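This report refers to the structure that appears directly beneath it.
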Amino acid sequence: MADTLTASGAQAPGGEPPRATAPGAGAARGDAPTADDRATNFFKVTGRTRTPAVPRLAAAANRSLAIVLLAGAWEALPRTGAVDPVFVPPLSEVLLAWYDLLLGGQLPEHFQASLLRSLSGFGLAIALAIPLGLAIGWYRPLADFLSPVLELFRNTSAVALLPVFILIFGLGETSKIVFVFYACAWPILLNTVSGVKTVEPLLIKSARSMGLGPFRLFQKVILPAAVPTIFTGIRLAGAYSILVLIFAEMVGAKAGLGYLIQDAQFSFRIPDMYAGIITISALGLLFNLLLLSVERRFSTWRTT
Amino acid sequence: MSLHTAEQSVAGRAVPGQEDLAGSTAGRSAVPVPEAAGSGRRAAGPPKIAIRDVGKVFRVRGADRPFTAVEGIDLDVREGEFLTLVGPSGCGKSTLLDLVAGLTAPTTGRILIDGREITGPGLDRGIVFQQYALFPWRTALDNIAFGLEAKAVPKKERQDRARHYLDLVGLDGFGQRYPHELSGGMRQRVAIARSLAFDPDVLLMDEPFAALDAQTRESLQEELLRIWEKTNKTVVFITHGIDEAVYLGQRVAVMTSRPGRIKQVLDVAFDSREGDLRADPRFGEYRHHIWTLLRDEVAVAQEQERTIG
Ligand SMILES: Nc1ncnc2c1ncn2[C@@H]1O[C@H](COP(=O)(O)OP(=O)(O)OP(=O)(O)O)[C@@H](O)[C@H]1O
Ligand SMILES: [Mg+2]
């Protein structure tokens with residue numbers, strides 16, 4: 001979680017995704033807990049080891065303290081006039097606006113539009129980038145053939161390509177989905193390639209010594225060994241899928257959370273704007289939690 | 001059937017059900033092997049493993065000359081024997097093992113198993129690597145079952161056999177643990193169980209106990225001997241410990257410094273393995289003999305490493 005935030009925050013959306021070696025990749029078979037593991041543990045609220053109720057409550061309180069403080073400041077500062085309440089309305093007003101949007105049906109509508117686009121692009125990226133990454137990581141000739149092109153595109157920001165996508169695919173859904181797909185594909189592709197390439201050679205040797213052919217070797221050793229690294233890419237892509245979509249929706253759309261925020265700002269419905277922003281944060285958080293739990297299911301052997 | 005092997009299996013069967021270590025280990029090679037020390041060749045019956053004039057040359061990146069790791073290796077390993085291989089660091093022991101395993105092809109010479117030249121890796125040979133090579137995403141049991149999957153053994157039987165070998169190395173109850181949840185000694189035992197599980201004729205072990213503490217090492221050595229007697233496998237065991245080589249081996253092959261060759265093959269036989277074998281005066285004699293052989297080689301090897309850089 002933490003690493004995803006820093007990684008995606010430090011990166012221009014769709015720009016140069018960090019090399020897979022950065023978060024979690026080195027932990028492909030980490031015996032010692034890595035920063036990634038610890039970050040993962042952050043959300044282990046329902047961990048297998050049940051701690052007594054009181055310390056657990058205390059820990060939960062400690063964890064939410066910062067959020068509570070932030071919420072308090074957001075409420076108090078505009079009310080006391082320390083911050084202009086026109087530009088930053090108190091939290092309660094924002095929540096009220098959020099509730100109105102929810103009841104009015106606008107929020108669900110925009111939410112759905114955004115979710116559909118980001119999930120489509122993200123899903124497409126998973127479906128295409130993982131097989132391609134596996135192939136590139138496994139077949140040396142393919143890697144040699146493709147790497148110049150990949151290097152070129154990898155260093156071309158998705159944001160810079162948005163006008164091209166709009167030109168080719170129009171202002172409708174397709175261009176946005178392709179845009180999200182493009183941004184998501186890179187972290188998945190690069191992590192998958194590196195996941196396959198960095199499989200401990202001794203494990204390959206060990207499997208070969210037991211008479212495994214190339215296909216079985218791939219299925220039984222390369223793939224499982226690469227899973228954690230691939231997941232790092234998937235989680236990064238999950239964050240990107242929302243980040244870049246909001247941008248696209250701000251540039252040209254008639255629905256979606258990005259549009260909601262932009263539109264609210266233009267028509268000076270400031271609480272609505274913040275309501276949209278909160279929704280996006282919540283969506284991003286939720287998405288990441290979901291991916292984390294899927295990841296844990298697939299790589300129990302990494303966490304204790 | 002060779003004389004020695006016959007004697008071996010008879011001795012092995014003579015103490016059925018005798019699981020205590022001292023009793024069962026006494027069953028082996030109490031009678032001296034009726035061959036000249038260092039000959040390496042046998043008069044009757046084909047050897048289990050025949051290494052004939054084998055050399056391995058590596059091409060090293062950035063170096064103008066090819067790099068000869070081993071050269072002119074001649075060694076026969078008898079059916080059912082426990083052969084230990086010692087040599088200075090970097091002399092090519094692991095290289096030789098990889099060659100016998102079929103993981104790499106020799107540059108010169110031939111390696112035969114049961115008289116047939118090897119063409120690649122196979123389940124007739126089980127390997128325990130110098131570093132733990134367990135699959136971290138598999139539990140201990142699933143690691144042991146790995147070779148059985150490669151052999152396409154049905155699932156039920158796979159599980160039964162994996163459990164059997166887990167018990168054999170004394171790890172019952174640890175089957176569901178992942179490698180990172182096991183101690184170093186336990187991991188190495190799982191690795192041993194994994195190579196035993198698919199029932200290879202030959203067990204190739206590359207310094208399997210090197211990274212362990214003395215107590216764990218000794219208990220695993222005894223365990224290995226016990227398993228070897230039970231299963232009658234041919235074992236090639238690499239070590240840099242002279243004590244270990246003498247303690248485990250029926251014969252000890254000593255290698256020269258790089259490019260590695262076989263300097264001498266020494267028969268090791270004790271009148272009795274009862275009690276503390278290491279206190280036996282003959283143990284000291286063997287030990288000293290091998291130490292003398294190695295001393296010069298180690299000096300050469302160190303000099304080599306210094307000059308190569
Ligand atoms: N793939 C390779 N490419 C180039 N050189 C190699 C390769 N593998 C081994 N060597 C070299 O061959 C020599 C023998 O290596 P090997 O690993 O067989 O030594 P060893 O006897 O097992 O040493 P140790 O006791 O330290 O394990 C070393 O000098 C090593 O640098
Ligand atoms: Mg070695």
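All residue names refer to the structure tokens as shown: chains lettered A, B, ... in order, residues numbered from 1 in each chain, ligands numbered from 1 in order.
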When you look at Gly102 in chain B with a cut-off of 9 Å (counting only C-alpha atoms), what residues show up, excluding the ones that are within fewer than 4 positions of it in the same chain? I need them as a tab-separated table (two decimals) with N, CA and C atoms, in the first residue's frame.
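Output (out.tsv):
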chain	number	residue	atom	x	y	z
A	209	SER	N	17.23	-30.65	-13.17
A	209	SER	CA	17.88	-31.89	-12.75
A	209	SER	C	16.85	-32.99	-12.51
B	97	LEU	N	30.03	-32.48	-10.61
B	97	LEU	CA	28.71	-32.97	-10.23
B	97	LEU	C	27.65	-32.58	-11.27
B	98	ASP	N	27.74	-31.34	-11.75
B	98	ASP	CA	26.83	-30.88	-12.79
B	98	ASP	C	26.95	-31.75	-14.03
B	106	PRO	N	30.05	-32.34	-20.99
B	106	PRO	CA	31.51	-32.24	-20.91
B	106	PRO	C	32.10	-31.73	-22.23
B	118	ILE	N	25.42	-40.60	-20.79
B	118	ILE	CA	24.30	-39.73	-20.41
B	118	ILE	C	24.13	-38.62	-21.44
B	119	THR	N	22.88	-38.26	-21.65
B	119	THR	CA	22.59	-37.22	-22.63
B	119	THR	C	21.96	-35.99	-21.99
B	120	GLY	N	21.61	-36.09	-20.72
B	120	GLY	CA	20.98	-34.96	-20.05
B	120	GLY	C	20.55	-35.36	-18.66
B	121	PRO	N	19.87	-34.46	-17.98
B	121	PRO	CA	19.41	-34.80	-16.63
B	121	PRO	C	18.35	-35.89	-16.68
B	122	GLY	N	18.19	-36.59	-15.58
B	122	GLY	CA	17.17	-37.63	-15.54
B	122	GLY	C	16.84	-38.00	-14.12
* Site check for ligand 1: residues at most 8 Å away, only C-alpha atoms and all ligand atoms, as a list in words ->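 What falls inside 8 Å of ligand 1 is Phe58, Arg59, Val60, Phe67, Thr68, Ala69, Val70, Gly87, Pro88, Ser89, Gly90, Cys91, Gly92, Lys93, Ser94, Thr95, Leu96, Leu97, Gln130, Asp206, Glu207, Thr239, His240, Arg258, Pro259 and Gly260 of chain B.
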Print the selection's residues with N, CA, C and O atoms to a file, as a compact mmCIF listing (two decimals), in the first residue's frame.
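Final file, result_5.txt:
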# COMPACT_ATOMS: atom_id res chain seq x y z
N PHE B 58 35.16 -23.61 -19.71
CA PHE B 58 34.17 -22.54 -19.75
C PHE B 58 34.69 -21.38 -20.60
O PHE B 58 35.89 -21.09 -20.57
N ARG B 59 33.80 -20.77 -21.33
CA ARG B 59 34.17 -19.49 -21.94
C ARG B 59 33.76 -18.40 -20.96
O ARG B 59 32.61 -18.33 -20.56
N VAL B 60 34.70 -17.61 -20.59
CA VAL B 60 34.41 -16.55 -19.62
C VAL B 60 34.30 -15.23 -20.34
O VAL B 60 35.13 -14.91 -21.20
N PHE B 67 38.58 -21.09 -20.04
CA PHE B 67 38.89 -21.39 -18.65
C PHE B 67 38.65 -22.87 -18.41
O PHE B 67 37.53 -23.36 -18.52
N THR B 68 39.73 -23.59 -18.10
CA THR B 68 39.58 -25.03 -17.88
C THR B 68 39.28 -25.30 -16.41
O THR B 68 40.11 -25.06 -15.55
N ALA B 69 38.08 -25.80 -16.15
CA ALA B 69 37.68 -26.05 -14.76
C ALA B 69 38.15 -27.42 -14.30
O ALA B 69 38.77 -27.56 -13.25
N VAL B 70 37.85 -28.44 -15.10
CA VAL B 70 38.35 -29.79 -14.79
C VAL B 70 38.94 -30.38 -16.07
O VAL B 70 38.60 -29.97 -17.18
N GLY B 87 38.38 -31.79 -2.26
CA GLY B 87 39.33 -31.05 -3.09
C GLY B 87 39.32 -29.61 -2.66
O GLY B 87 38.37 -29.16 -2.03
N PRO B 88 40.38 -28.88 -3.03
CA PRO B 88 40.42 -27.47 -2.63
C PRO B 88 39.29 -26.68 -3.27
O PRO B 88 38.75 -27.07 -4.30
N SER B 89 38.95 -25.59 -2.65
CA SER B 89 37.86 -24.76 -3.16
C SER B 89 38.16 -24.30 -4.59
O SER B 89 39.28 -23.92 -4.91
N GLY B 90 37.16 -24.40 -5.43
CA GLY B 90 37.32 -23.94 -6.81
C GLY B 90 38.00 -24.94 -7.73
O GLY B 90 38.36 -24.61 -8.86
N CYS B 91 38.19 -26.19 -7.26
CA CYS B 91 38.91 -27.15 -8.09
C CYS B 91 37.99 -27.83 -9.09
O CYS B 91 38.44 -28.56 -9.97
N GLY B 92 36.70 -27.59 -8.99
CA GLY B 92 35.80 -28.14 -9.99
C GLY B 92 34.91 -29.26 -9.49
O GLY B 92 34.39 -30.04 -10.29
N LYS B 93 34.70 -29.33 -8.20
CA LYS B 93 33.85 -30.39 -7.65
C LYS B 93 32.40 -30.22 -8.11
O LYS B 93 31.78 -31.16 -8.60
N SER B 94 31.89 -29.01 -7.94
CA SER B 94 30.51 -28.76 -8.36
C SER B 94 30.37 -28.91 -9.87
O SER B 94 29.36 -29.41 -10.37
N THR B 95 31.39 -28.50 -10.57
CA THR B 95 31.39 -28.64 -12.03
C THR B 95 31.26 -30.12 -12.41
O THR B 95 30.46 -30.49 -13.27
N LEU B 96 32.03 -30.94 -11.73
CA LEU B 96 32.00 -32.38 -12.00
C LEU B 96 30.61 -32.95 -11.70
O LEU B 96 30.07 -33.76 -12.45
N LEU B 97 30.03 -32.48 -10.61
CA LEU B 97 28.71 -32.97 -10.23
C LEU B 97 27.65 -32.58 -11.27
O LEU B 97 26.79 -33.38 -11.62
N GLN B 130 24.47 -27.49 -3.29
CA GLN B 130 25.28 -26.83 -2.26
C GLN B 130 24.45 -25.80 -1.49
O GLN B 130 24.51 -25.73 -0.28
N ASP B 206 26.12 -32.16 -3.10
CA ASP B 206 27.18 -31.15 -3.18
C ASP B 206 27.25 -30.37 -1.86
O ASP B 206 26.46 -29.46 -1.63
N GLU B 207 28.18 -30.74 -1.03
CA GLU B 207 28.38 -30.10 0.28
C GLU B 207 27.04 -29.79 0.96
O GLU B 207 26.78 -28.66 1.35
N THR B 239 32.44 -32.82 -0.36
CA THR B 239 32.61 -32.11 0.90
C THR B 239 33.97 -31.43 0.90
O THR B 239 34.86 -31.80 0.14
N HIS B 240 34.12 -30.42 1.71
CA HIS B 240 35.49 -29.94 1.91
C HIS B 240 35.96 -30.29 3.32
O HIS B 240 37.05 -29.90 3.72
N ARG B 258 42.75 -26.66 -9.40
CA ARG B 258 42.27 -26.44 -10.74
C ARG B 258 43.42 -26.37 -11.76
O ARG B 258 44.44 -25.74 -11.46
N PRO B 259 43.30 -26.92 -12.95
CA PRO B 259 42.17 -27.73 -13.42
C PRO B 259 42.11 -29.06 -12.67
O PRO B 259 43.10 -29.79 -12.62
N GLY B 260 40.92 -29.34 -12.11
CA GLY B 260 40.79 -30.47 -11.22
C GLY B 260 40.98 -31.82 -11.92
O GLY B 260 40.49 -32.03 -13.02
* Asked: Which polymer residues have any atom within 7 Å of an atom of range 222-238 of chain B, counting only C-alpha atoms, with same-chain residues fewer than 3 positions away left out, as number ranges by chain?
  -> B: 12, 21, 24-25, 79-86, 93, 201-207, 218-219
Selected residues written out, N, CA and C atoms, as a PDB file, in the first residue's frame:
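Saved the output as part34.pdb:
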ATOM      1  N   GLY B  12      23.484 -55.319   4.773  1.00  0.00           N
ATOM      2  CA  GLY B  12      22.350 -54.446   5.033  1.00  0.00           C
ATOM      3  C   GLY B  12      21.160 -55.248   5.529  1.00  0.00           C
ATOM      4  N   LEU B  21      21.287 -46.186  15.433  1.00  0.00           N
ATOM      5  CA  LEU B  21      22.311 -45.766  14.483  1.00  0.00           C
ATOM      6  C   LEU B  21      23.580 -46.589  14.573  1.00  0.00           C
ATOM      7  N   SER B  24      23.170 -50.126  13.081  1.00  0.00           N
ATOM      8  CA  SER B  24      22.996 -50.277  11.645  1.00  0.00           C
ATOM      9  C   SER B  24      24.219 -49.803  10.877  1.00  0.00           C
ATOM     10  N   THR B  25      24.886 -48.787  11.369  1.00  0.00           N
ATOM     11  CA  THR B  25      26.039 -48.314  10.618  1.00  0.00           C
ATOM     12  C   THR B  25      27.177 -49.319  10.666  1.00  0.00           C
ATOM     13  N   GLU B  79      28.418 -49.611  -7.959  1.00  0.00           N
ATOM     14  CA  GLU B  79      27.007 -49.725  -7.598  1.00  0.00           C
ATOM     15  C   GLU B  79      26.864 -49.798  -6.079  1.00  0.00           C
ATOM     16  N   GLY B  80      26.013 -48.960  -5.540  1.00  0.00           N
ATOM     17  CA  GLY B  80      25.701 -49.026  -4.119  1.00  0.00           C
ATOM     18  C   GLY B  80      26.764 -48.452  -3.205  1.00  0.00           C
ATOM     19  N   GLU B  81      27.796 -47.867  -3.752  1.00  0.00           N
ATOM     20  CA  GLU B  81      28.851 -47.381  -2.864  1.00  0.00           C
ATOM     21  C   GLU B  81      28.610 -45.938  -2.444  1.00  0.00           C
ATOM     22  N   PHE B  82      29.278 -45.595  -1.358  1.00  0.00           N
ATOM     23  CA  PHE B  82      29.235 -44.225  -0.856  1.00  0.00           C
ATOM     24  C   PHE B  82      30.613 -43.635  -1.105  1.00  0.00           C
ATOM     25  N   LEU B  83      30.704 -42.784  -2.106  1.00  0.00           N
ATOM     26  CA  LEU B  83      31.987 -42.186  -2.451  1.00  0.00           C
ATOM     27  C   LEU B  83      31.978 -40.718  -2.050  1.00  0.00           C
ATOM     28  N   THR B  84      32.994 -40.315  -1.335  1.00  0.00           N
ATOM     29  CA  THR B  84      33.093 -38.892  -1.024  1.00  0.00           C
ATOM     30  C   THR B  84      34.202 -38.279  -1.867  1.00  0.00           C
ATOM     31  N   LEU B  85      34.005 -37.000  -2.176  1.00  0.00           N
ATOM     32  CA  LEU B  85      34.922 -36.301  -3.063  1.00  0.00           C
ATOM     33  C   LEU B  85      35.392 -35.041  -2.355  1.00  0.00           C
ATOM     34  N   VAL B  86      36.701 -34.961  -2.140  1.00  0.00           N
ATOM     35  CA  VAL B  86      37.227 -33.747  -1.509  1.00  0.00           C
ATOM     36  C   VAL B  86      38.222 -33.073  -2.453  1.00  0.00           C
ATOM     37  N   LYS B  93      34.701 -29.330  -8.196  1.00  0.00           N
ATOM     38  CA  LYS B  93      33.848 -30.393  -7.647  1.00  0.00           C
ATOM     39  C   LYS B  93      32.402 -30.224  -8.107  1.00  0.00           C
ATOM     40  N   ASP B 201      18.620 -44.038  -8.638  1.00  0.00           N
ATOM     41  CA  ASP B 201      19.659 -45.017  -8.287  1.00  0.00           C
ATOM     42  C   ASP B 201      20.850 -44.313  -7.672  1.00  0.00           C
ATOM     43  N   VAL B 202      21.077 -43.092  -8.158  1.00  0.00           N
ATOM     44  CA  VAL B 202      22.283 -42.371  -7.776  1.00  0.00           C
ATOM     45  C   VAL B 202      21.894 -41.093  -7.043  1.00  0.00           C
ATOM     46  N   LEU B 203      22.597 -40.832  -5.971  1.00  0.00           N
ATOM     47  CA  LEU B 203      22.361 -39.597  -5.222  1.00  0.00           C
ATOM     48  C   LEU B 203      23.635 -38.759  -5.310  1.00  0.00           C
ATOM     49  N   LEU B 204      23.493 -37.564  -5.876  1.00  0.00           N
ATOM     50  CA  LEU B 204      24.646 -36.674  -6.008  1.00  0.00           C
ATOM     51  C   LEU B 204      24.473 -35.535  -5.010  1.00  0.00           C
ATOM     52  N   MET B 205      25.414 -35.398  -4.104  1.00  0.00           N
ATOM     53  CA  MET B 205      25.242 -34.396  -3.057  1.00  0.00           C
ATOM     54  C   MET B 205      26.432 -33.446  -3.035  1.00  0.00           C
ATOM     55  N   ASP B 206      26.124 -32.156  -3.103  1.00  0.00           N
ATOM     56  CA  ASP B 206      27.178 -31.150  -3.180  1.00  0.00           C
ATOM     57  C   ASP B 206      27.253 -30.368  -1.864  1.00  0.00           C
ATOM     58  N   GLU B 207      28.185 -30.745  -1.034  1.00  0.00           N
ATOM     59  CA  GLU B 207      28.376 -30.095   0.275  1.00  0.00           C
ATOM     60  C   GLU B 207      27.041 -29.793   0.958  1.00  0.00           C
ATOM     61  N   GLU B 218      26.381 -33.514  12.285  1.00  0.00           N
ATOM     62  CA  GLU B 218      26.654 -34.886  12.699  1.00  0.00           C
ATOM     63  C   GLU B 218      25.396 -35.741  12.702  1.00  0.00           C
ATOM     64  N   SER B 219      24.307 -35.170  13.164  1.00  0.00           N
ATOM     65  CA  SER B 219      23.094 -35.985  13.193  1.00  0.00           C
ATOM     66  C   SER B 219      22.588 -36.241  11.777  1.00  0.00           C
TER      67      SER B 219
END
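Atom pair CA of Tyr240 in chain A / CA of Gln265 in chain A: separated by 23.2 Å.
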* With distances taken over only C-alpha atoms, which of A:Ser206, A:Gln219, A:Ser281, A:Gln262 is nearest to chain B? ->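 Among the listed residues, the smallest separation from chain B belongs to A:Ser206.
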* To do: Please determine the contact residues of chain B with respect to chain A at a cut-off of 10 Å, counting only C-alpha atoms, and supply them as a ChimeraX atom specification.
  => /B:98,101-103,120-139,146-151,177-181,194-195,198,200
Compile the contact shell of Leu101 in chain A as a CSV table (one decimal) with N, CA and C atoms, in the first residue's frame: residues with an atom at most 12 Å away, counting only C-alpha atoms, same-chain residues fewer than 2 positions apart removed.
chain,number,residue,atom,x,y,z
A,94,VAL,N,-19.0,19.2,2.9
A,94,VAL,CA,-18.6,18.3,1.8
A,94,VAL,C,-19.3,17.0,1.9
A,95,LEU,N,-19.4,16.4,3.1
A,95,LEU,CA,-20.1,15.1,3.3
A,95,LEU,C,-21.6,15.2,2.9
A,96,LEU,N,-22.1,16.4,3.3
A,96,LEU,CA,-23.5,16.6,3.0
A,96,LEU,C,-23.7,16.7,1.5
A,97,ALA,N,-22.8,17.4,0.8
A,97,ALA,CA,-22.9,17.5,-0.6
A,97,ALA,C,-22.8,16.1,-1.3
A,98,TRP,N,-21.9,15.3,-0.7
A,98,TRP,CA,-21.6,13.9,-1.2
A,98,TRP,C,-22.9,13.1,-1.0
A,99,TYR,N,-23.6,13.3,0.1
A,99,TYR,CA,-24.8,12.5,0.4
A,99,TYR,C,-25.9,12.9,-0.6
A,103,LEU,N,-27.8,10.6,-3.3
A,103,LEU,CA,-29.3,10.4,-3.4
A,103,LEU,C,-29.8,10.9,-4.7
A,104,GLY,N,-29.2,12.0,-5.2
A,104,GLY,CA,-29.6,12.5,-6.5
A,104,GLY,C,-29.3,11.6,-7.7
A,105,GLY,N,-28.4,10.6,-7.5
A,105,GLY,CA,-28.1,9.7,-8.5
A,105,GLY,C,-26.9,10.1,-9.4
A,106,GLN,N,-26.5,11.4,-9.2
A,106,GLN,CA,-25.3,11.8,-10.1
A,106,GLN,C,-24.1,11.0,-9.7
A,107,LEU,N,-23.9,10.8,-8.4
A,107,LEU,CA,-22.6,10.2,-8.0
A,107,LEU,C,-22.6,8.7,-8.5
A,108,PRO,N,-23.6,7.9,-8.2
A,108,PRO,CA,-23.6,6.6,-8.7
A,108,PRO,C,-23.3,6.5,-10.2
A,109,GLU,N,-23.9,7.5,-10.9
A,109,GLU,CA,-23.8,7.5,-12.4
A,109,GLU,C,-22.3,7.7,-12.8
A,110,HIS,N,-21.7,8.8,-12.2
A,110,HIS,CA,-20.4,9.1,-12.6
A,110,HIS,C,-19.4,8.0,-12.1
A,111,PHE,N,-19.7,7.5,-10.9
A,111,PHE,CA,-18.9,6.5,-10.3
A,111,PHE,C,-18.8,5.2,-11.3
A,257,LEU,N,-16.0,10.5,-12.8
A,257,LEU,CA,-15.7,11.3,-11.6
A,257,LEU,C,-14.8,12.5,-11.9
A,260,LEU,N,-17.0,15.1,-13.2
A,260,LEU,CA,-17.8,15.6,-12.0
A,260,LEU,C,-16.9,16.7,-11.3
A,264,ALA,N,-17.9,20.6,-11.5
A,264,ALA,CA,-18.2,21.2,-10.2
A,264,ALA,C,-17.4,22.5,-10.0
A,269,ARG,N,-19.4,24.8,-7.8
A,269,ARG,CA,-20.1,23.9,-6.7
A,269,ARG,C,-18.9,23.3,-6.0
A,271,PRO,N,-18.3,22.3,-2.8
A,271,PRO,CA,-18.5,21.1,-2.0
A,271,PRO,C,-18.6,19.8,-2.9
A,272,ASP,N,-19.3,20.0,-4.0
A,272,ASP,CA,-19.4,18.8,-4.9
A,272,ASP,C,-18.1,18.4,-5.5
A,273,MET,N,-17.2,19.4,-5.7
A,273,MET,CA,-15.9,19.1,-6.2
A,273,MET,C,-15.1,18.2,-5.2
A,274,TYR,N,-15.2,18.6,-3.9
A,274,TYR,CA,-14.5,17.9,-2.9
A,274,TYR,C,-15.1,16.5,-2.7
A,275,ALA,N,-16.4,16.5,-2.9
A,275,ALA,CA,-17.1,15.2,-2.8
A,275,ALA,C,-16.6,14.2,-3.8
A,276,GLY,N,-16.4,14.7,-5.0
A,276,GLY,CA,-15.8,13.9,-6.1
A,276,GLY,C,-14.4,13.4,-5.8
A,279,THR,N,-14.4,10.7,-3.2
A,279,THR,CA,-14.9,9.4,-3.8
A,279,THR,C,-13.7,8.8,-4.6
* Which of range 135-271 of chain B counts as alpha helix (DSSP H) under DSSP, as JSON, numbers by chain please? -> {"B": [140, 141, 142, 143, 144, 146, 147, 148, 149, 150, 155, 156, 157, 158, 159, 160, 161, 162, 163, 164, 165, 166, 167, 168, 184, 185, 186, 187, 188, 189, 190, 191, 192, 193, 194, 195, 196, 197, 214, 215, 216, 217, 218, 219, 220, 221, 222, 223, 224, 225, 226, 227, 228, 229, 230, 231, 242, 243, 244, 245, 246, 247, 248]}
